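Student: Here you go, this is target-v1.cif (mmCIF, C-alpha atoms).
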data_input
#
loop_
_atom_site.label_atom_id
_atom_site.label_comp_id
_atom_site.auth_asym_id
_atom_site.auth_seq_id
_atom_site.Cartn_x
_atom_site.Cartn_y
_atom_site.Cartn_z
CA MET S 250 -93.45 241.11 -93.73
CA MET S 251 -90.36 240.98 -91.56
CA THR S 252 -88.12 244.00 -91.90
CA ASP S 253 -84.88 245.15 -90.37
CA GLU S 254 -85.53 248.54 -88.85
CA SER S 255 -81.92 249.38 -87.99
CA ALA S 256 -81.78 252.27 -90.47
CA ASP S 257 -84.30 255.11 -90.41
CA ASP S 258 -85.18 254.82 -94.11
CA GLU S 259 -85.15 251.01 -94.21
CA PRO S 260 -88.82 250.44 -93.19
CA ASP S 261 -90.10 252.79 -95.90
CA LEU S 262 -87.92 251.16 -98.54
CA ALA S 263 -88.90 247.67 -97.40
CA GLU S 264 -92.58 248.57 -97.49
CA SER S 265 -92.21 250.13 -100.93
CA LEU S 266 -90.35 247.08 -102.28
CA TRP S 267 -93.02 244.79 -100.81
CA THR S 268 -95.88 246.80 -102.32
CA GLU S 269 -94.22 246.81 -105.74
CA LEU S 270 -93.54 243.08 -105.49
CA LEU S 271 -97.20 242.35 -104.69
CA GLU S 272 -98.31 244.50 -107.65
CA ASP S 273 -95.88 242.63 -109.94
CA THR S 274 -97.06 239.31 -108.51
CA ARG S 275 -100.69 240.09 -109.33
CA ALA S 276 -99.76 241.21 -112.86
CA VAL S 277 -97.78 238.01 -113.57
CA ALA S 278 -100.58 235.92 -112.04
CA ASP S 279 -103.07 237.61 -114.38
CA GLU S 280 -100.87 236.65 -117.36
CA TYR S 281 -100.90 233.02 -116.21
CA ARG S 282 -104.69 233.14 -115.81
CA GLU S 283 -105.06 234.58 -119.32
CA ASP S 284 -103.08 231.57 -120.56
CA GLY S 285 -105.57 229.23 -118.87
CA TRP S 286 -103.67 228.40 -115.67
CA ASP S 287 -105.21 227.92 -112.24
CA VAL S 288 -103.37 230.33 -109.96
CA VAL S 289 -102.99 230.69 -106.20
CA VAL S 290 -101.41 233.97 -105.07
CA LEU S 291 -100.07 234.00 -101.52
CA GLU S 292 -99.44 237.14 -99.49
CA PRO S 293 -97.04 236.18 -96.70
CA THR S 294 -97.29 238.19 -93.51
CA ASP S 295 -93.78 237.21 -92.46
CA ILE S 296 -90.69 235.73 -94.10
CA GLU S 297 -88.03 234.37 -91.76
CA PRO S 298 -84.89 232.30 -92.17
CA VAL S 299 -85.19 228.94 -90.45
CA ASP S 300 -82.39 226.53 -89.56
CA SER S 301 -83.66 223.79 -87.28
CA GLU S 302 -83.67 220.01 -87.12
CA GLU S 303 -87.13 220.03 -88.73
CA ARG S 304 -86.35 222.27 -91.70
CA VAL S 305 -83.88 224.71 -93.20
CA GLY S 306 -84.68 227.53 -95.61
CA LEU S 307 -87.16 230.38 -95.66
CA ASP S 308 -90.45 230.22 -93.77
CA ALA S 309 -93.22 232.14 -95.53
CA THR S 310 -96.06 232.59 -93.05
CA VAL S 311 -99.47 232.99 -94.69
CA SER S 312 -103.06 233.08 -93.47
CA ALA S 313 -104.69 229.81 -92.42
CA ASP S 314 -107.01 230.05 -95.45
CA GLU S 315 -104.09 230.48 -97.88
CA TYR S 316 -102.22 227.60 -96.26
CA ASP S 317 -105.27 225.34 -96.44
CA VAL S 318 -105.60 225.99 -100.19
CA VAL S 319 -101.92 225.19 -100.86
CA ALA S 320 -101.83 222.17 -98.56
CA GLY S 321 -105.07 220.89 -100.09
CA LEU S 322 -103.67 221.10 -103.62
CA ILE S 323 -100.44 219.33 -102.70
CA ASP S 324 -101.75 216.83 -100.13
CA ASP S 325 -104.64 215.68 -102.33
CA GLY S 326 -102.11 214.75 -104.99
CA ASN S 327 -103.91 216.79 -107.63
CA VAL S 328 -100.91 219.08 -108.00
CA THR S 329 -97.29 217.99 -108.21
CA ILE S 330 -94.85 220.86 -108.43
CA THR S 331 -92.38 219.96 -111.15
CA ALA S 332 -90.91 223.34 -112.08
CA ALA S 333 -90.46 226.85 -110.79
CA ASP S 334 -89.69 230.31 -112.04
CA VAL S 335 -87.91 232.84 -109.86
CA TYR S 336 -88.32 236.50 -110.62
CA TYR S 337 -85.68 238.36 -108.65
CA ARG S 338 -86.12 242.11 -108.63
CA PRO S 339 -82.84 244.04 -108.87
CA LEU S 340 -82.59 246.79 -106.33
CA ALA S 341 -82.83 250.46 -107.08
CA GLU S 342 -81.04 251.24 -103.80
CA ALA S 343 -77.53 249.79 -103.72
CA GLU S 344 -77.04 250.32 -99.99
CA THR S 345 -79.96 248.29 -98.67
CA ASP S 346 -80.04 244.80 -97.20
CA GLN S 347 -83.62 244.26 -98.39
CA ARG S 348 -84.17 241.74 -101.18
CA VAL S 349 -87.38 240.71 -102.96
CA ALA S 350 -88.19 237.81 -105.25
CA LEU S 351 -91.21 235.98 -106.57
CA ALA S 352 -91.19 232.19 -106.68
CA VAL S 353 -93.76 230.70 -109.04
CA GLU S 354 -94.18 227.03 -108.18
CA ARG S 355 -95.63 225.23 -111.22
CA ASP S 356 -97.34 221.98 -112.11
CA ASP S 357 -97.08 222.12 -115.88
CA ASP S 358 -99.32 219.06 -116.40
CA SER S 359 -102.33 220.49 -114.55
CA GLU S 360 -101.37 224.09 -115.40
CA THR S 361 -101.50 225.12 -111.76
CA ALA S 362 -99.20 227.77 -110.29
CA ILE S 363 -98.62 228.87 -106.72
CA PHE S 364 -97.13 232.37 -106.41
CA VAL S 365 -94.95 232.97 -103.35
CA PRO S 366 -93.67 236.56 -103.05
CA LEU S 367 -90.66 236.83 -100.75
CA ALA S 368 -88.97 239.78 -99.06
CA TYR S 369 -85.98 239.32 -96.79
CA ASP S 370 -83.04 241.03 -95.17
CA ILE S 371 -79.89 239.61 -96.76
CA THR S 372 -77.90 239.87 -93.53
CA ALA S 373 -80.53 237.91 -91.59
CA VAL S 374 -80.83 235.16 -94.21
CA ARG S 375 -77.12 234.87 -95.03
CA PRO S 376 -76.49 231.61 -93.08
CA VAL S 377 -79.46 229.93 -94.78
CA PHE S 378 -78.34 231.08 -98.23
CA GLU S 379 -74.71 230.06 -97.66
CA THR S 380 -75.91 226.55 -96.80
CA ALA S 381 -78.34 226.55 -99.73
CA LEU S 382 -75.59 227.59 -102.17
CA LEU S 383 -73.32 224.80 -100.93
CA GLU S 384 -76.09 222.20 -101.07
CA GLU S 385 -77.53 223.61 -104.32
CA GLN S 386 -81.01 223.69 -102.82
CA LEU S 387 -83.09 226.42 -101.20
CA LEU S 388 -86.29 225.34 -99.54
CA VAL S 389 -89.22 227.73 -99.20
CA HIS S 390 -91.69 226.55 -96.57
CA VAL S 391 -95.26 227.85 -96.67
CA LEU S 392 -97.03 227.65 -93.32
CA ALA S 393 -99.70 229.26 -91.19
CA ASP S 394 -98.68 227.66 -87.89
CA PRO S 395 -95.56 225.47 -87.76
CA ASP S 396 -97.32 223.13 -85.31
CA ASP S 397 -99.88 222.39 -88.05
CA GLY S 398 -97.26 221.53 -90.67
CA TRP S 399 -95.93 223.21 -93.78
CA VAL S 400 -95.56 222.74 -97.52
CA SER S 401 -92.01 222.95 -98.86
CA PHE S 402 -90.88 223.98 -102.32
CA SER S 403 -87.35 223.20 -103.48
CA HIS S 404 -85.19 225.43 -105.67
CA ASP S 405 -81.97 223.96 -107.06
CA ASP S 406 -80.43 227.33 -107.91
CA PRO S 407 -80.47 229.49 -104.76
CA SER S 408 -78.41 232.17 -106.54
CA LEU S 409 -81.60 233.22 -108.34
CA PHE S 410 -82.74 234.77 -105.04
CA LEU S 411 -79.61 236.90 -104.57
CA GLU S 412 -77.61 239.74 -105.98
CA GLU S 413 -74.39 238.48 -107.53
CA SER S 414 -72.60 241.13 -105.48
CA ASP S 415 -73.93 239.51 -102.26
CA VAL S 416 -72.27 236.22 -103.08
CA ARG S 417 -69.04 237.93 -104.15
CA ALA S 418 -68.94 239.86 -100.88
CA TRP S 419 -69.41 236.67 -98.88
CA ASP S 420 -66.66 234.92 -100.87
CA ALA S 421 -64.29 237.83 -100.20
CA GLU S 422 -64.69 237.52 -96.43
#
What is this file in structure tokens?
Tutor:
Amino acid sequence: MMTDESADDEPDLAESLWTELLEDTRAVADEYREDGWDVVVLEPTDIEPVDSEERVGLDATVSADEYDVVAGLIDDGNVTITAADVYYRPLAEAETDQRVALAVERDDDSETAIFVPLAYDITAVRPVFETALLEEQLLVHVLADPDDGWVSFSHDDPSLFLEESDVRAWDAE
């Protein structure tokens, strides 16, 4: 997971938030499984903002095995993501730039869900989110190696990934 280590306590808080997010992700995934869903839970090793000619949004780097599972589901046409839930976790620490959210990408017809936990530094991702808010679309790209391709998930309400106070602060500038 990518963290901003500019403050002494920031790495510990980021790690704690990430650990809690993964625990919550597994618990929600278990609930889906109990309801009969097929579930894929990803554990990104890095989350970075990306703004290039190829893609804009958040890159969630996962293991090659995790990427192969997701790409296989989508590329084979067996799974078509038609809906998503975003679980944004409000922060206990008001003075941190760390944010965490869980995106659950769903195919309601096949009852398949792909869980993408995300942790990011709000300052680092601000340009991507400002664009996403204007365009009313945030893309989350799952990849192992960008040269091998990626799978993108679209979210039409990027504000679900932010604190309302973040957006207000940006508007005030």
Student: Rounded to one decimal in Å, what is the spacing between atom CA of Ile296 of chain S and atom CA of Glu315 of chain S?
Tutor: 14.9 Å
Student: Hey, which of S:Glu379, S:Asp397, S:Asp346, S:Asp334 ends up closest to Val277 of chain S? Count only C-alpha atoms.
Tutor: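 Of the candidates, the smallest distance to Val277 of chain S is held by S:Asp334.
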Student: Between S:Leu382, S:Val311, S:Val377, S:Val288, which residue has the minimum interatomic distance to Asp356 of chain S, considering all atoms listed in the file?
Tutor: S:Val288
Student: Please, which residues in segment 287-378 of chain S fall within 7 Å of segment 383-395 of chain S when counting only C-alpha atoms, and what is the closest atom pair and distance in Å to one decimal for each, ordered by chain then residue number, as a Markdown table?
Tutor:
| residue | atom | partner | partner_atom | distance |
| --- | --- | --- | --- | --- |
| S:Val305 | CA | S:Leu388 | CA | 6.8 |
| S:Gly306 | CA | S:Leu388 | CA | 4.8 |
| S:Leu307 | CA | S:Val389 | CA | 4.9 |
| S:Asp308 | CA | S:His390 | CA | 4.8 |
| S:Ala309 | CA | S:Val391 | CA | 4.9 |
| S:Thr310 | CA | S:Leu392 | CA | 5.0 |
| S:Val311 | CA | S:Ala393 | CA | 5.1 |
| S:Ser312 | CA | S:Ala393 | CA | 5.6 |
| S:Ala313 | CA | S:Ala393 | CA | 5.2 |
| S:Tyr316 | CA | S:Ala393 | CA | 5.9 |
Student: With the file shown as input, list the residues that the PyMOL selection byres ((chain S and resi 360) around 10) selects, as a list of chain:residue names.
Tutor: S:Tyr281, S:Arg282, S:Asp284, S:Gly285, S:Trp286, S:Asp287, S:Val288, S:Val328, S:Arg355, S:Asp356, S:Asp357, S:Asp358, S:Ser359, S:Thr361, S:Ala362
Student: Skipping near chain neighbours, those fewer than 2 positions away, what residues fall within 12 Å of Val416 of chain S using all atoms listed in the file, listed as a PyMOL selection string?
Tutor: chain S and resi 371-372+375-376+378-379+381-383+407-414+418-422
Student: Around (-90.5, 239.2, -99.5) in the file's own coordinates, what residues are found within 7 Å if you use all atoms listed in the file, given back as a PyMOL selection string?
Tutor: chain S and resi 250+267+296+349-350+366-369
